[in-house]
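A.B. asks: This is start-v3.cif (mmCIF, C-alpha atoms).
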```cif
data_protein
#
loop_
_atom_site.label_atom_id
_atom_site.label_comp_id
_atom_site.auth_asym_id
_atom_site.auth_seq_id
_atom_site.Cartn_x
_atom_site.Cartn_y
_atom_site.Cartn_z
CA MET A 1 45.82 53.83 -30.24
CA ASP A 2 45.66 51.33 -27.40
CA ASN A 3 42.56 53.09 -26.06
CA MET A 4 40.81 52.98 -29.48
CA PHE A 5 41.64 49.31 -29.88
CA GLU A 6 40.23 48.61 -26.41
CA LYS A 7 36.99 50.46 -27.31
CA LYS A 8 36.66 48.44 -30.53
CA ASN A 9 37.08 45.21 -28.57
CA GLN A 10 34.45 46.29 -26.03
CA ARG A 11 32.04 47.25 -28.84
CA GLY A 12 32.67 43.88 -30.53
CA SER A 13 32.08 41.96 -27.31
CA PHE A 14 28.91 43.97 -26.70
CA LEU A 15 27.56 43.18 -30.18
CA LYS A 16 28.47 39.50 -29.74
CA GLY A 17 26.63 39.47 -26.42
CA ILE A 18 23.51 40.98 -28.02
CA LEU A 19 23.68 38.47 -30.88
CA ALA A 20 24.09 35.56 -28.47
CA GLY A 21 21.17 36.81 -26.41
CA VAL A 22 18.95 37.18 -29.48
CA LEU A 23 19.86 33.69 -30.70
CA ALA A 24 19.19 32.24 -27.24
CA THR A 25 15.82 33.99 -27.09
CA ILE A 26 14.89 32.70 -30.54
CA LEU A 27 15.91 29.18 -29.50
CA ILE A 28 13.83 29.39 -26.32
CA LEU A 29 10.85 30.73 -28.25
CA CYS A 30 11.16 27.92 -30.78
CA LEU A 31 11.30 25.34 -28.00
CA VAL A 32 8.33 26.91 -26.22
CA ILE A 33 6.31 26.99 -29.45
CA TRP A 34 7.26 23.37 -30.10
CA GLY A 35 6.27 22.50 -26.52
CA LEU A 36 2.95 24.32 -26.84
CA GLY A 37 2.29 22.26 -29.93
CA SER A 38 2.81 19.10 -27.87
CA ARG A 39 -0.39 19.53 -25.89
CA GLY A 40 -0.80 15.77 -25.55
CA THR A 41 2.11 15.50 -23.10
CA ALA A 42 2.98 17.40 -19.93
CA VAL A 43 6.69 16.65 -20.33
CA ASN A 44 7.88 18.78 -23.24
CA PRO A 45 10.64 21.30 -24.01
CA ALA A 46 8.56 24.14 -22.58
CA SER A 47 8.14 22.30 -19.26
CA TYR A 48 11.90 21.57 -19.15
CA ILE A 49 12.60 25.29 -19.53
CA LYS A 50 10.04 26.22 -16.90
CA LEU A 51 11.41 23.68 -14.42
CA ALA A 52 14.95 24.96 -14.97
CA ALA A 53 13.72 28.53 -14.42
CA LEU A 54 11.94 27.51 -11.21
CA GLU A 55 15.06 25.79 -9.91
CA LYS A 56 17.19 28.88 -10.63
CA MET A 57 14.70 31.11 -8.85
CA ILE A 58 14.63 28.77 -5.83
CA ASN A 59 18.42 28.63 -5.68
CA ARG A 60 18.68 32.40 -6.00
CA TYR A 61 15.83 33.62 -3.79
CA TYR A 62 14.84 30.88 -1.33
CA TYR A 63 16.10 31.84 2.12
CA GLN A 64 17.76 28.47 2.82
CA ASP A 65 19.93 26.06 0.88
CA VAL A 66 17.89 23.41 -0.91
CA ASP A 67 18.83 19.74 -1.17
CA ARG A 68 19.00 18.98 -4.90
CA ALA A 69 18.05 15.34 -4.35
CA ALA A 70 15.00 16.37 -2.29
CA LEU A 71 13.99 18.85 -4.99
CA GLU A 72 14.27 16.18 -7.68
CA LYS A 73 12.36 13.66 -5.57
CA GLY A 74 9.59 16.20 -4.95
CA MET A 75 9.31 16.85 -8.68
CA TYR A 76 8.79 13.17 -9.47
CA ARG A 77 6.45 12.70 -6.53
CA GLY A 78 4.43 15.73 -7.57
CA ILE A 79 3.74 14.20 -10.97
CA MET A 80 2.34 11.07 -9.35
CA GLU A 81 0.34 13.00 -6.73
CA SER A 82 -1.27 15.11 -9.45
CA MET A 83 -3.37 12.04 -10.33
CA GLY A 84 -5.39 12.59 -7.18
CA ASP A 85 -5.12 8.85 -6.52
CA PRO A 86 -3.90 7.93 -3.00
CA TYR A 87 -2.60 4.59 -4.32
CA THR A 88 -0.37 6.02 -7.08
CA GLU A 89 3.10 6.64 -5.65
CA TYR A 90 6.73 7.41 -6.51
CA TYR A 91 9.48 5.55 -4.61
CA THR A 92 13.15 6.31 -4.22
CA GLU A 93 15.45 3.31 -4.56
CA LYS A 94 15.50 2.84 -0.76
CA GLU A 95 11.72 3.18 -0.44
CA TYR A 96 11.24 0.60 -3.18
CA LYS A 97 13.57 -1.86 -1.43
CA ASP A 98 11.64 -1.34 1.81
CA LEU A 99 8.37 -1.99 -0.01
CA MET A 100 9.67 -5.23 -1.50
CA SER A 101 11.06 -6.41 1.84
CA SER A 102 7.68 -5.87 3.52
CA LEU A 103 6.10 -8.28 1.03
CA THR A 104 8.59 -10.98 2.02
CA GLY A 105 7.78 -10.44 5.71
CA SER A 106 11.32 -9.54 6.80
CA PHE A 107 12.52 -6.00 7.50
CA VAL A 108 13.97 -3.68 10.16
CA GLY A 109 11.14 -1.70 11.69
CA ILE A 110 8.73 -1.47 14.61
CA GLY A 111 6.20 -4.20 13.73
CA VAL A 112 2.95 -2.52 12.70
CA GLY A 113 0.66 -2.70 9.69
CA MET A 114 -0.87 0.61 8.62
CA ILE A 115 -3.21 2.04 6.01
CA LYS A 116 -4.04 5.53 4.75
CA THR A 117 -7.76 6.17 5.07
CA GLU A 118 -9.86 8.07 2.54
CA GLY A 119 -9.71 11.01 4.95
CA GLY A 120 -5.91 10.96 4.81
CA GLU A 121 -5.30 9.61 8.33
CA ILE A 122 -2.68 6.92 9.00
CA LYS A 123 -4.42 4.15 10.92
CA LEU A 124 -2.52 1.30 12.53
CA LEU A 125 -4.43 -1.82 11.57
CA THR A 126 -2.20 -4.42 13.19
CA VAL A 127 0.38 -4.45 15.97
CA TYR A 128 2.29 -7.69 15.67
CA ASP A 129 2.98 -9.99 18.60
CA ASN A 130 6.47 -9.78 20.15
CA SER A 131 7.15 -6.55 18.22
CA PRO A 132 8.83 -3.35 19.54
CA ALA A 133 5.58 -1.48 18.86
CA LYS A 134 3.56 -3.80 21.06
CA GLU A 135 6.16 -3.65 23.81
CA ALA A 136 6.01 0.16 23.68
CA GLY A 137 2.23 0.20 24.23
CA ILE A 138 0.95 0.86 20.71
CA VAL A 139 -2.41 -0.75 19.95
CA ALA A 140 -4.25 -1.43 16.71
CA GLY A 141 -6.67 1.39 15.93
CA ASP A 142 -4.27 4.17 16.98
CA ILE A 143 -3.93 7.07 14.52
CA LEU A 144 -0.33 8.05 13.73
CA GLU A 145 0.08 11.86 13.67
CA GLN A 146 3.79 12.59 13.96
CA VAL A 147 7.10 10.78 13.40
CA ASP A 148 10.10 12.19 15.30
CA GLY A 149 8.12 15.33 16.08
CA GLN A 150 7.27 16.07 12.45
CA ASP A 151 3.72 16.25 11.07
CA ILE A 152 3.07 13.52 8.49
CA SER A 153 -0.24 14.69 7.02
CA ASP A 154 1.37 15.65 3.69
CA LEU A 155 3.47 12.48 3.34
CA SER A 156 2.61 9.38 1.35
CA LEU A 157 2.06 6.10 3.17
CA GLU A 158 5.36 4.78 1.81
CA GLU A 159 7.27 7.83 3.09
CA ILE A 160 5.80 7.30 6.54
CA VAL A 161 6.68 3.60 6.50
CA ALA A 162 10.23 4.52 5.45
CA ARG A 163 10.54 6.93 8.38
CA CYS A 164 9.43 4.25 10.82
CA ARG A 165 12.12 1.94 9.51
CA GLY A 166 15.85 2.46 9.82
CA ARG A 167 19.01 1.10 11.35
CA GLU A 168 18.54 -1.81 13.72
CA GLY A 169 18.80 -0.65 17.35
CA SER A 170 17.92 2.98 16.56
CA ARG A 171 14.75 4.55 17.95
CA VAL A 172 11.84 6.50 16.49
CA ASP A 173 9.40 8.74 18.37
CA LEU A 174 5.76 8.30 17.35
CA THR A 175 2.91 10.61 18.31
CA LEU A 176 -0.41 8.78 18.23
CA ARG A 177 -4.07 9.51 18.90
CA GLY A 178 -5.98 6.77 20.64
CA ALA A 179 -9.58 5.68 20.07
CA ASP A 180 -10.65 7.84 23.02
CA GLY A 181 -9.03 10.94 21.49
CA SER A 182 -6.08 11.01 23.90
CA GLN A 183 -2.61 11.72 22.51
CA LYS A 184 0.60 9.93 23.43
CA THR A 185 4.22 10.03 22.25
CA LEU A 186 6.17 6.78 22.46
CA SER A 187 9.80 5.98 21.76
CA VAL A 188 10.08 2.70 19.84
CA GLU A 189 13.20 0.70 19.05
CA ARG A 190 13.71 -0.56 15.51
CA ARG A 191 14.48 -4.26 15.28
CA GLN A 192 14.58 -7.03 12.70
CA ILE A 193 10.96 -8.02 12.16
CA GLU A 194 10.00 -11.46 10.89
CA ILE A 195 6.26 -11.50 10.30
CA PRO A 196 4.41 -14.64 9.22
CA THR A 197 1.29 -13.69 7.30
CA VAL A 198 -0.68 -16.78 8.35
CA SER A 199 -1.46 -18.10 11.83
CA HIS A 200 -3.75 -20.98 12.73
CA ARG A 201 -5.21 -23.10 15.53
CA MET A 202 -8.06 -25.47 16.29
CA ILE A 203 -10.76 -23.42 18.00
CA THR A 204 -13.00 -26.27 19.04
CA ASP A 205 -13.57 -29.86 18.05
CA GLY A 206 -13.57 -30.04 14.24
CA ILE A 207 -13.41 -26.26 13.61
CA GLY A 208 -10.12 -24.75 12.48
CA TYR A 209 -9.14 -21.08 12.43
CA ILE A 210 -6.80 -19.43 9.90
CA ARG A 211 -5.81 -15.78 10.25
CA ILE A 212 -4.34 -14.14 7.10
CA SER A 213 -2.82 -10.75 7.99
CA GLN A 214 -1.85 -9.84 4.41
CA PHE A 215 -1.26 -11.51 1.05
CA GLY A 216 2.48 -11.54 0.52
CA GLU A 217 5.18 -13.51 -1.20
CA ASN A 218 5.17 -16.41 1.28
CA THR A 219 1.47 -16.47 2.16
CA LEU A 220 0.55 -19.43 -0.08
CA LYS A 221 3.25 -21.62 1.46
CA GLU A 222 2.19 -20.63 4.98
CA TYR A 223 -1.50 -21.19 4.13
CA LEU A 224 -0.93 -24.70 2.74
CA ALA A 225 1.13 -25.65 5.80
CA ALA A 226 -1.64 -24.37 8.10
CA MET A 227 -4.32 -26.29 6.20
CA ASP A 228 -2.30 -29.50 6.28
CA ASP A 229 -1.81 -29.20 10.04
CA LEU A 230 -5.49 -28.51 10.73
CA LYS A 231 -6.63 -31.36 8.50
CA ARG A 232 -4.32 -33.72 10.39
CA GLN A 233 -6.09 -32.57 13.57
CA GLY A 234 -9.46 -33.52 12.11
CA MET A 235 -10.74 -30.19 10.84
CA LYS A 236 -14.26 -30.40 9.35
CA GLY A 237 -14.94 -26.67 8.96
CA VAL A 238 -12.68 -23.60 8.69
CA VAL A 239 -12.90 -19.97 9.78
CA TYR A 240 -10.88 -17.60 7.59
CA ASP A 241 -10.08 -14.32 9.35
CA VAL A 242 -9.15 -11.42 7.03
CA ARG A 243 -10.22 -8.64 9.39
CA ASN A 244 -7.90 -5.63 9.14
CA ASN A 245 -6.05 -7.32 6.26
CA PRO A 246 -4.94 -4.38 4.04
CA GLY A 247 -4.43 -6.56 0.95
CA GLY A 248 -1.24 -7.36 -0.90
CA MET A 249 -0.42 -9.20 -4.10
CA VAL A 250 -3.16 -10.26 -6.52
CA THR A 251 -1.17 -13.36 -7.47
CA SER A 252 -0.88 -14.34 -3.80
CA VAL A 253 -4.62 -14.24 -3.13
CA THR A 254 -5.54 -15.96 -6.41
CA ASP A 255 -2.99 -18.72 -5.71
CA ILE A 256 -4.75 -19.38 -2.40
CA LEU A 257 -8.20 -19.23 -4.00
CA ASN A 258 -6.98 -21.90 -6.42
CA HIS A 259 -7.02 -24.24 -3.39
CA ILE A 260 -10.57 -23.25 -2.37
CA LEU A 261 -12.73 -22.55 -5.43
CA PRO A 262 -14.19 -24.82 -8.10
CA LYS A 263 -12.99 -24.40 -11.67
CA GLY A 264 -13.68 -20.88 -12.88
CA ILE A 265 -12.72 -17.21 -12.62
CA SER A 266 -11.52 -16.06 -9.19
CA VAL A 267 -11.26 -12.38 -10.18
CA TYR A 268 -10.83 -10.38 -13.36
CA ILE A 269 -9.38 -6.96 -14.07
CA ILE A 270 -10.07 -4.42 -16.83
CA ASP A 271 -7.64 -1.65 -17.79
CA LYS A 272 -8.38 1.80 -19.27
CA ARG A 273 -8.42 0.41 -22.81
CA GLY A 274 -10.97 -2.24 -21.92
CA LYS A 275 -8.50 -5.11 -21.98
CA ARG A 276 -9.65 -7.85 -19.64
CA THR A 277 -7.37 -10.25 -17.73
CA ASP A 278 -8.88 -13.29 -16.01
CA TYR A 279 -7.41 -15.07 -13.00
CA ARG A 280 -8.73 -18.61 -12.83
CA ALA A 281 -8.93 -21.50 -10.40
CA ASP A 282 -8.38 -24.90 -12.00
CA GLY A 283 -10.71 -26.69 -9.56
CA ARG A 284 -8.31 -29.58 -8.95
CA ASP A 285 -7.85 -28.72 -5.28
CA GLU A 286 -11.33 -27.36 -4.46
CA LEU A 287 -12.10 -27.15 -0.75
CA HIS A 288 -14.95 -29.45 0.24
CA MET A 289 -15.85 -28.34 3.75
CA PRO A 290 -17.96 -25.54 5.27
CA ALA A 291 -16.18 -22.22 5.64
CA ALA A 292 -16.78 -18.80 7.16
CA VAL A 293 -14.93 -15.57 6.37
CA LEU A 294 -14.56 -12.83 8.99
CA THR A 295 -14.40 -9.33 7.52
CA SER A 296 -14.02 -5.82 8.94
CA LYS A 297 -14.30 -2.29 7.60
CA ASN A 298 -10.51 -2.37 7.17
CA SER A 299 -10.41 -5.55 5.07
CA ALA A 300 -9.21 -4.14 1.77
CA SER A 301 -8.00 -4.92 -1.74
CA ALA A 302 -6.75 -8.53 -1.96
CA ALA A 303 -8.71 -9.37 1.21
CA GLU A 304 -11.84 -8.22 -0.63
CA ILE A 305 -10.91 -10.33 -3.66
CA PHE A 306 -10.72 -13.29 -1.27
CA ALA A 307 -14.07 -12.56 0.39
CA GLY A 308 -15.81 -11.68 -2.88
CA ALA A 309 -14.78 -14.89 -4.62
CA ILE A 310 -15.84 -17.11 -1.71
CA ARG A 311 -19.17 -15.27 -1.58
CA ASP A 312 -19.83 -15.51 -5.33
CA TYR A 313 -19.12 -19.25 -5.42
CA HIS A 314 -21.12 -19.85 -2.21
CA LYS A 315 -18.07 -21.45 -0.63
CA GLY A 316 -18.55 -19.79 2.74
CA THR A 317 -20.53 -17.43 4.96
CA LEU A 318 -19.27 -13.85 5.37
CA ILE A 319 -19.50 -12.53 8.94
CA GLY A 320 -18.62 -9.09 10.30
CA GLN A 321 -18.69 -5.63 8.72
CA THR A 322 -18.83 -4.25 5.18
CA THR A 323 -15.29 -4.19 3.81
CA PHE A 324 -13.16 -1.14 2.93
CA GLY A 325 -14.09 -0.87 -0.76
CA LYS A 326 -10.82 -0.81 -2.71
CA GLY A 327 -11.67 -2.29 -6.09
CA ILE A 328 -8.66 -1.05 -8.06
CA VAL A 329 -5.34 -2.69 -8.81
CA GLN A 330 -1.86 -1.18 -8.74
CA GLN A 331 1.25 -2.27 -10.62
CA THR A 332 4.76 -1.50 -9.39
CA MET A 333 7.38 -0.73 -12.03
CA GLN A 334 11.06 -0.18 -11.33
CA LEU A 335 13.02 2.46 -13.25
CA ILE A 336 16.58 2.10 -14.50
CA ASP A 337 18.07 4.12 -11.59
CA GLY A 338 16.50 1.82 -8.98
CA SER A 339 13.57 4.08 -8.16
CA ALA A 340 10.05 2.91 -8.94
CA ILE A 341 6.43 3.90 -9.30
CA LYS A 342 3.25 2.23 -8.15
CA ILE A 343 0.37 3.21 -10.39
CA THR A 344 -3.27 2.26 -10.52
CA THR A 345 -3.67 0.36 -13.78
CA SER A 346 -7.07 -1.29 -13.67
CA SER A 347 -10.30 -2.03 -11.85
CA TYR A 348 -11.10 -5.50 -10.56
CA TYR A 349 -14.37 -7.36 -10.54
CA THR A 350 -15.58 -10.31 -8.49
CA PRO A 351 -16.46 -13.52 -10.38
CA SER A 352 -20.10 -12.37 -10.67
CA GLY A 353 -18.97 -9.14 -12.36
CA GLU A 354 -19.40 -6.77 -9.41
CA SER A 355 -17.16 -3.74 -8.84
CA ILE A 356 -16.85 -3.19 -5.10
CA HIS A 357 -14.83 0.05 -5.33
CA LYS A 358 -15.91 2.61 -2.72
CA LYS A 359 -18.80 0.41 -1.56
CA GLY A 360 -17.16 -2.76 -0.23
CA ILE A 361 -18.61 -6.23 0.29
CA SER A 362 -21.53 -6.65 2.66
CA PRO A 363 -21.42 -9.67 5.01
CA ASP A 364 -24.09 -12.35 5.08
CA ILE A 365 -24.24 -11.96 8.86
CA PRO A 366 -23.60 -8.34 9.92
CA MET A 367 -22.00 -7.88 13.33
CA GLU A 368 -20.63 -4.93 15.27
CA ASP A 369 -16.86 -4.62 15.56
CA THR A 370 -16.55 -6.08 19.04
CA HIS A 371 -12.76 -5.78 19.18
CA LYS A 372 -12.09 -2.16 18.23
CA GLU A 373 -8.69 -2.29 19.88
CA GLY A 374 -7.60 -4.87 17.30
CA ILE A 375 -7.29 -8.61 17.24
CA ASP A 376 -3.62 -8.44 18.28
CA ALA A 377 -4.26 -6.47 21.47
CA ASP A 378 -3.15 -7.95 24.78
CA SER A 379 -6.74 -8.28 25.96
CA TYR A 380 -7.76 -10.36 22.96
CA ASP A 381 -9.07 -13.86 23.58
CA ILE A 382 -10.22 -15.76 20.50
CA LEU A 383 -12.68 -17.79 22.53
CA LYS A 384 -14.41 -14.54 23.64
CA ASP A 385 -14.46 -13.00 20.16
CA ASN A 386 -18.15 -12.67 19.26
CA GLU A 387 -17.52 -12.88 15.51
CA VAL A 388 -15.39 -16.00 15.86
CA THR A 389 -18.02 -17.51 18.16
CA ARG A 390 -20.75 -16.78 15.61
CA ALA A 391 -18.63 -18.35 12.86
CA VAL A 392 -18.10 -21.48 14.96
CA GLU A 393 -21.84 -21.75 15.67
CA THR A 394 -22.61 -21.39 11.95
CA LEU A 395 -20.08 -24.05 10.94
CA GLN A 396 -21.14 -26.48 13.65
CA LYS A 397 -24.66 -26.46 12.23
CA GLU A 398 -23.30 -27.15 8.75
CA THR A 399 -20.99 -29.98 9.84
CA LYS A 400 -23.66 -31.96 11.72
#
```
Could you show the structure in this file as structure tokens?
C.D. replies:
Amino acid sequence: MDNMFEKKNQRGSFLKGILAGVLATILILCLVIWGLGSRGTAVNPASYIKLAALEKMINRYYYQDVDRAALEKGMYRGIMESMGDPYTEYYTEKEYKDLMSSLTGSFVGIGVGMIKTEGGEIKLLTVYDNSPAKEAGIVAGDILEQVDGQDISDLSLEEIVARCRGREGSRVDLTLRGADGSQKTLSVERRQIEIPTVSHRMITDGIGYIRISQFGENTLKEYLAAMDDLKRQGMKGVVYDVRNNPGGMVTSVTDILNHILPKGISVYIIDKRGKRTDYRADGRDELHMPAAVLTSKNSASAAEIFAGAIRDYHKGTLIGQTTFGKGIVQQTMQLIDGSAIKITTSSYYTPSGESIHKKGISPDIPMEDTHKEGIDADSYDILKDNEVTRAVETLQKETK
């Protein structure tokens, strides 16, 4: 009797298992069919099921243990990378905080400014004075190839920046390729970096010089202080240097242009739906003195907005090389868990209506890049800079 009862229980459990399996299969099929009907969205019940299946297969068959957080991060990052847009990124909470701190000019790092080229290389545009990077022998123009012995070719720019930052006093090993093709590996200490985005000086009698390294949160305040100081010294003409400036905040550059341009549009942007947003100068603080703008092939984004607006309003002479050609705008949006995305939302146009994306802005006076090692290199002397000298000569003629 006990044996018969046990067989009945086994048969009942078996039938229940089959029924549960059938019901689960029907549910999955219904969800898949529903998902297939949602062709307008990539995130649907079918994709949830597929992702869960992939994770189970990885956990079961992959030869090493997998970090769940890294897997989740890779999933989010993969969605953003699928756009094929090098400027659309996903940030973890820490990466987003690092990004925001860089815009304020204060962070723990090595003291370099870098950009990802169209070819995918990480080029160091600027090596800041009194920085650990400069002390270690890094120069502007170097190509970064490895961080702590790991190849970085598949990482986003923000991931690479995050790896260069870290705990104050710790060190990071960087493998770089110089302009001559030679390779070097340097150990660099991480320190608290305070980077002003504006520097200035009087070059010669009546001609002031203002270098803007990027357009950040404090750039307007620094710019106005620099202008006030130069005007007190008798400035009659100004050289703006945005060479190797990778860009920054649209609001920062338009705030500065509000103190240079006459009344009118400084830049406008158009999104995918055709909605147009104008940024305007009120004209109340228009600059009334000759100006020159120094540009390089690495002047990008907000630096091109600056140069394009001054060119279109005939407020200055552009000298140097054709700029980088980044005529698109990104917006950063934080998610509820502290992570964030940066996504390209629109194209921008100069006041005359020109899109400079992938073609850049041509200078009025073309000149070779005479300081390929970068304007922050030890050998740099502003009085021997051919582009600065040409700007001074141009302004002196206009101020006579």
A.B. asks: Which residues match the PyMOL selection byres ((chain A and resi 122) around 12) in the file above, as a JSON list (two decimals) with C-alpha atoms, in the coordinates of the input?
C.D. replies:
```json
[["chain", "number", "residue", "atom", "x", "y", "z"],
["A", 112, "VAL", "CA", 2.95, -2.52, 12.70],
["A", 113, "GLY", "CA", 0.66, -2.70, 9.69],
["A", 114, "MET", "CA", -0.87, 0.61, 8.62],
["A", 115, "ILE", "CA", -3.21, 2.04, 6.01],
["A", 116, "LYS", "CA", -4.04, 5.53, 4.75],
["A", 117, "THR", "CA", -7.76, 6.17, 5.07],
["A", 118, "GLU", "CA", -9.86, 8.07, 2.54],
["A", 119, "GLY", "CA", -9.71, 11.01, 4.95],
["A", 120, "GLY", "CA", -5.91, 10.96, 4.81],
["A", 121, "GLU", "CA", -5.30, 9.61, 8.33],
["A", 123, "LYS", "CA", -4.42, 4.15, 10.92],
["A", 124, "LEU", "CA", -2.52, 1.30, 12.53],
["A", 125, "LEU", "CA", -4.43, -1.82, 11.57],
["A", 140, "ALA", "CA", -4.25, -1.43, 16.71],
["A", 141, "GLY", "CA", -6.67, 1.39, 15.93],
["A", 142, "ASP", "CA", -4.27, 4.17, 16.98],
["A", 143, "ILE", "CA", -3.93, 7.07, 14.52],
["A", 144, "LEU", "CA", -0.33, 8.05, 13.73],
["A", 145, "GLU", "CA", 0.08, 11.86, 13.67],
["A", 146, "GLN", "CA", 3.79, 12.59, 13.96],
["A", 147, "VAL", "CA", 7.10, 10.78, 13.40],
["A", 151, "ASP", "CA", 3.72, 16.25, 11.07],
["A", 152, "ILE", "CA", 3.07, 13.52, 8.49],
["A", 153, "SER", "CA", -0.24, 14.69, 7.02],
["A", 154, "ASP", "CA", 1.37, 15.65, 3.69],
["A", 155, "LEU", "CA", 3.47, 12.48, 3.34],
["A", 156, "SER", "CA", 2.61, 9.38, 1.35],
["A", 157, "LEU", "CA", 2.06, 6.10, 3.17],
["A", 158, "GLU", "CA", 5.36, 4.78, 1.81],
["A", 159, "GLU", "CA", 7.27, 7.83, 3.09],
["A", 160, "ILE", "CA", 5.80, 7.30, 6.54],
["A", 161, "VAL", "CA", 6.68, 3.60, 6.50],
["A", 174, "LEU", "CA", 5.76, 8.30, 17.35],
["A", 175, "THR", "CA", 2.91, 10.61, 18.31],
["A", 176, "LEU", "CA", -0.41, 8.78, 18.23],
["A", 177, "ARG", "CA", -4.07, 9.51, 18.90]]
```
A.B. asks: I would like the residues chosen by the PyMOL selection byres ((chain A and resi 166) around 7) on the shown file; could you give them as a PyMOL selection string?
C.D. replies: chain A and resi 108-109+164-165+167-168+190
A.B. asks: On this structure, the PyMOL selection byres ((chain A and resi 220) around 12) would catch which residues? List them as a ChimeraX atom specification, sorted by chain and number.
C.D. replies: /A:104,196-198,212,214-219,221-227,249-260
A.B. asks: Go through A:Asp228, A:Ile328, A:Ala70, A:Gln183 and flag the residue nearest His200 in chain A, using only C-alpha atoms for the distances.
C.D. replies: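 Of all the options, A:Asp228 lies closest to His200 in chain A.
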A.B. asks: For range 340-350 of chain A, list every protein, DNA or RNA residue within 8 Å, evaluated using all atoms listed in the file, and leave out those in the same chain fewer than 6 positions away; present the list as a list in words.
C.D. replies: Asp85, Tyr87, Thr88, Glu89, Tyr90, Tyr91, Thr92, Glu93, Tyr96, Ser266, Val267, Tyr268, Ile269, Ile270, Asp271, Lys272, Ile305, Gly308, Ala309, Asp312, Gly327, Ile328, Val329, Gln330, Gln331, Thr332, Met333, Gln334 and Ile356 of chain A
A.B. asks: List as a short mmCIF file (atom, residue, chain, number, x, y, z; two decimals) with C-alpha atoms, in the coordinates of the input the protein and nucleic acid residues near Gln233 in chain A, meaning an atom at most 12 Å away when only C-alpha atoms are counted, but skip any in the same chain fewer than 3 places from it.
C.D. replies:
```
data_model
loop_
_atom_site.label_atom_id
_atom_site.label_comp_id
_atom_site.auth_asym_id
_atom_site.auth_seq_id
_atom_site.Cartn_x
_atom_site.Cartn_y
_atom_site.Cartn_z
CA HIS A 200 -3.75 -20.98 12.73
CA ARG A 201 -5.21 -23.10 15.53
CA MET A 202 -8.06 -25.47 16.29
CA ILE A 203 -10.76 -23.42 18.00
CA THR A 204 -13.00 -26.27 19.04
CA ASP A 205 -13.57 -29.86 18.05
CA GLY A 206 -13.57 -30.04 14.24
CA ILE A 207 -13.41 -26.26 13.61
CA GLY A 208 -10.12 -24.75 12.48
CA TYR A 209 -9.14 -21.08 12.43
CA ALA A 226 -1.64 -24.37 8.10
CA MET A 227 -4.32 -26.29 6.20
CA ASP A 228 -2.30 -29.50 6.28
CA ASP A 229 -1.81 -29.20 10.04
CA LEU A 230 -5.49 -28.51 10.73
CA LYS A 236 -14.26 -30.40 9.35
CA GLY A 237 -14.94 -26.67 8.96
#
```
A.B. asks: Only C-alpha atoms needed: put range 265-303 of chain A from the block into a file as an mmCIF file, in the first residue's frame.
C.D. replies:
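Writing the result to decode-v4.cif gives the following:
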```cif
data_model
loop_
_atom_site.group_PDB
_atom_site.id
_atom_site.type_symbol
_atom_site.label_atom_id
_atom_site.label_comp_id
_atom_site.auth_asym_id
_atom_site.auth_seq_id
_atom_site.Cartn_x
_atom_site.Cartn_y
_atom_site.Cartn_z
ATOM 1 C CA ILE A 265 21.944 85.217 -32.284
ATOM 2 C CA SER A 266 25.250 83.749 -31.062
ATOM 3 C CA VAL A 267 24.369 80.164 -32.020
ATOM 4 C CA TYR A 268 21.230 78.132 -32.595
ATOM 5 C CA ILE A 269 20.472 74.436 -32.321
ATOM 6 C CA ILE A 270 17.910 72.223 -34.066
ATOM 7 C CA ASP A 271 16.761 68.855 -32.712
ATOM 8 C CA LYS A 272 15.508 65.782 -34.611
ATOM 9 C CA ARG A 273 11.948 67.130 -34.681
ATOM 10 C CA GLY A 274 13.036 70.414 -36.206
ATOM 11 C CA LYS A 275 12.587 72.420 -33.015
ATOM 12 C CA ARG A 276 14.942 75.378 -33.007
ATOM 13 C CA THR A 277 16.484 76.982 -29.909
ATOM 14 C CA ASP A 278 18.266 80.328 -30.223
ATOM 15 C CA TYR A 279 21.013 81.586 -27.931
ATOM 16 C CA ARG A 280 21.211 85.366 -28.110
ATOM 17 C CA ALA A 281 23.549 88.176 -27.150
ATOM 18 C CA ASP A 282 21.776 91.258 -25.816
ATOM 19 C CA GLY A 283 24.406 93.657 -27.202
ATOM 20 C CA ARG A 284 24.624 95.703 -23.998
ATOM 21 C CA ASP A 285 28.243 94.736 -23.359
ATOM 22 C CA GLU A 286 29.519 94.475 -26.947
ATOM 23 C CA LEU A 287 33.302 94.493 -27.280
ATOM 24 C CA HIS A 288 34.540 97.543 -29.178
ATOM 25 C CA MET A 289 38.171 96.742 -29.924
ATOM 26 C CA PRO A 290 40.024 94.694 -32.561
ATOM 27 C CA ALA A 291 40.306 90.994 -31.809
ATOM 28 C CA ALA A 292 42.006 87.901 -33.198
ATOM 29 C CA VAL A 293 41.111 84.273 -32.504
ATOM 30 C CA LEU A 294 43.768 81.544 -32.635
ATOM 31 C CA THR A 295 42.406 78.150 -33.697
ATOM 32 C CA SER A 296 43.896 74.689 -34.200
ATOM 33 C CA LYS A 297 42.721 71.407 -35.671
ATOM 34 C CA ASN A 298 41.848 70.351 -32.116
ATOM 35 C CA SER A 299 39.642 73.363 -31.338
ATOM 36 C CA ALA A 300 36.266 71.668 -31.025
ATOM 37 C CA SER A 301 32.616 72.060 -30.092
ATOM 38 C CA ALA A 302 32.125 75.128 -27.867
ATOM 39 C CA ALA A 303 35.468 76.508 -29.079
#
```
